[in-house]
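Taking it in order: structure first as structure tokens, then the write-up.
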Amino acid sequence: MKKIIALALFAGLFSTATFAQDCETLVKDCEKILKGKQNNFVSDGQVYTALLDREKAEFKTTFFGGSTYRIACTAGNDDTYVIFTVKDLEGNVLFSNKGYKNSSYWDFKVPKTIPVVIETELDLDKKVTGCAVMMIGFKR
């Protein structure tokens, strides 16, 4: 019985370490998406991560007027695993990548400063659980 408990504890610790390592790799992948081929976007310094299992994660931020932004996200080898939706504080959808084949990024210019909520979720037809990473950057 003690061996079974010890094995279960070891498996739990190993899976946590694997999750952390997986998220770490995804952060590097997300940075590449954020910067773009011409390296013209700079991170705002935040890395938004969530372990998703058939649910959504919400992140709040403010976009400042006159700036051009990029939202980038990934959850693995296929950059179309993550669906992200940007909403204003009243819940109105401003953008969703779902209508764009779950594109791994979106570039946009903000005419006026606006607080938003960004929801991330996995496309359950492609992946049901795992780490999702999102980054926001602005154009140089």
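We label chains A, B, ... in the order they appear in the structure tokens, count residues from 1 in each chain, and number ligands from 1 in the order shown.
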
* Which parts of range 7-138 of chain A does DSSP call strand (DSSP E or B) when run on the backbone here, written out as a ChimeraX atom specification? -> /A:41-53,56-63,68-74,82-88,93-96,105-109,114-122,129-138

* Selection: 6 Å around range 121-125 of chain A, only C-alpha atoms, excl. self and same-chain fewer than 4 positions, as a list in words -> Lys56, Tyr81, Val82 and Ile83 of chain A

* Asked: Any idea what's packed within 12 Å of Lys112 in chain A, counting only C-alpha atoms, ignoring anything in its chain fewer than 2 positions away? Could you give it as a count of residues only?
  -> 11

* Separation of CA of Asn102 in chain A from CA of Cys30 in chain A, in Å and rounded to one decimal -> 14.5 Å

* Between CA of Leu26 in chain A and CA of Thr49 in chain A - distance in Å to one decimal ->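 It comes out at 9.4 Å.
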
Select from range 27-113 of chain A everything DSSP, run on the backbone, classes as alpha helix (DSSP H), then give the selection as a CSV table (one decimal) with N, CA and C atoms, in the first residue's frame.
chain,number,residue,atom,x,y,z
A,27,VAL,N,5.8,29.2,-24.0
A,27,VAL,CA,6.1,30.7,-23.8
A,27,VAL,C,7.1,31.1,-24.9
A,28,LYS,N,8.1,30.3,-25.1
A,28,LYS,CA,9.1,30.6,-26.2
A,28,LYS,C,8.4,30.6,-27.6
A,29,ASP,N,7.5,29.6,-27.8
A,29,ASP,CA,6.8,29.6,-29.1
A,29,ASP,C,5.9,30.8,-29.3
A,30,CYS,N,5.3,31.2,-28.2
A,30,CYS,CA,4.4,32.3,-28.2
A,30,CYS,C,5.1,33.6,-28.5
A,31,GLU,N,6.3,33.7,-27.9
A,31,GLU,CA,7.2,34.9,-28.2
A,31,GLU,C,7.5,35.0,-29.7
A,32,LYS,N,7.8,33.9,-30.3
A,32,LYS,CA,8.1,33.9,-31.8
A,32,LYS,C,6.9,34.4,-32.5
A,33,ILE,N,5.7,34.0,-32.2
A,33,ILE,CA,4.5,34.4,-32.8
A,33,ILE,C,4.2,35.9,-32.6
A,34,LEU,N,4.5,36.3,-31.4
A,34,LEU,CA,4.3,37.7,-31.0
A,34,LEU,C,5.2,38.7,-31.8
A,35,LYS,N,6.5,38.3,-31.9
A,35,LYS,CA,7.4,39.2,-32.5
A,35,LYS,C,7.2,39.3,-34.0

* To do: Could you tell me which of A:Glu119, A:Asp44, A:Asp78, A:Asp22 comes closest to Ser96 in chain A if we count only C-alpha atoms?
  =>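 Distance minimum relative to Ser96 in chain A lands on A:Glu119.
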
* Asked: Do you know which residues are at most 9 Å from Cys131 in chain A counting only C-alpha atoms, after dropping those on the same chain fewer than 6 positions away, and could you put them as a list in words?
  -> Phe19, Ala20, Asp22, Cys23, Leu26, Thr49, Ala50, Leu51, Leu52, Asp53, Thr74, Ala75 and Gly76 of chain A

* Enter the distance from CA of Ser104 in chain A to CA of Glu90 in chain A, in Å, rounded to one decimal. =>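 Computing the Euclidean distance for CA of Ser104 in chain A and CA of Glu90 in chain A yields 25.1 Å.
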
* Nearest to Met135 in chain A, chosen from A:Leu89, A:Cys73, A:Leu94, A:Ile118, with only C-alpha atoms counted in the distances ->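 Of the candidates, the smallest distance to Met135 in chain A is held by A:Cys73.
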
* Of the residues A:Phe59, A:Tyr48, A:Phe84, A:Phe95, which is the one nearest to Phe108 in chain A, using only C-alpha atoms? ->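 Of the candidates, the smallest distance to Phe108 in chain A is held by A:Phe95.
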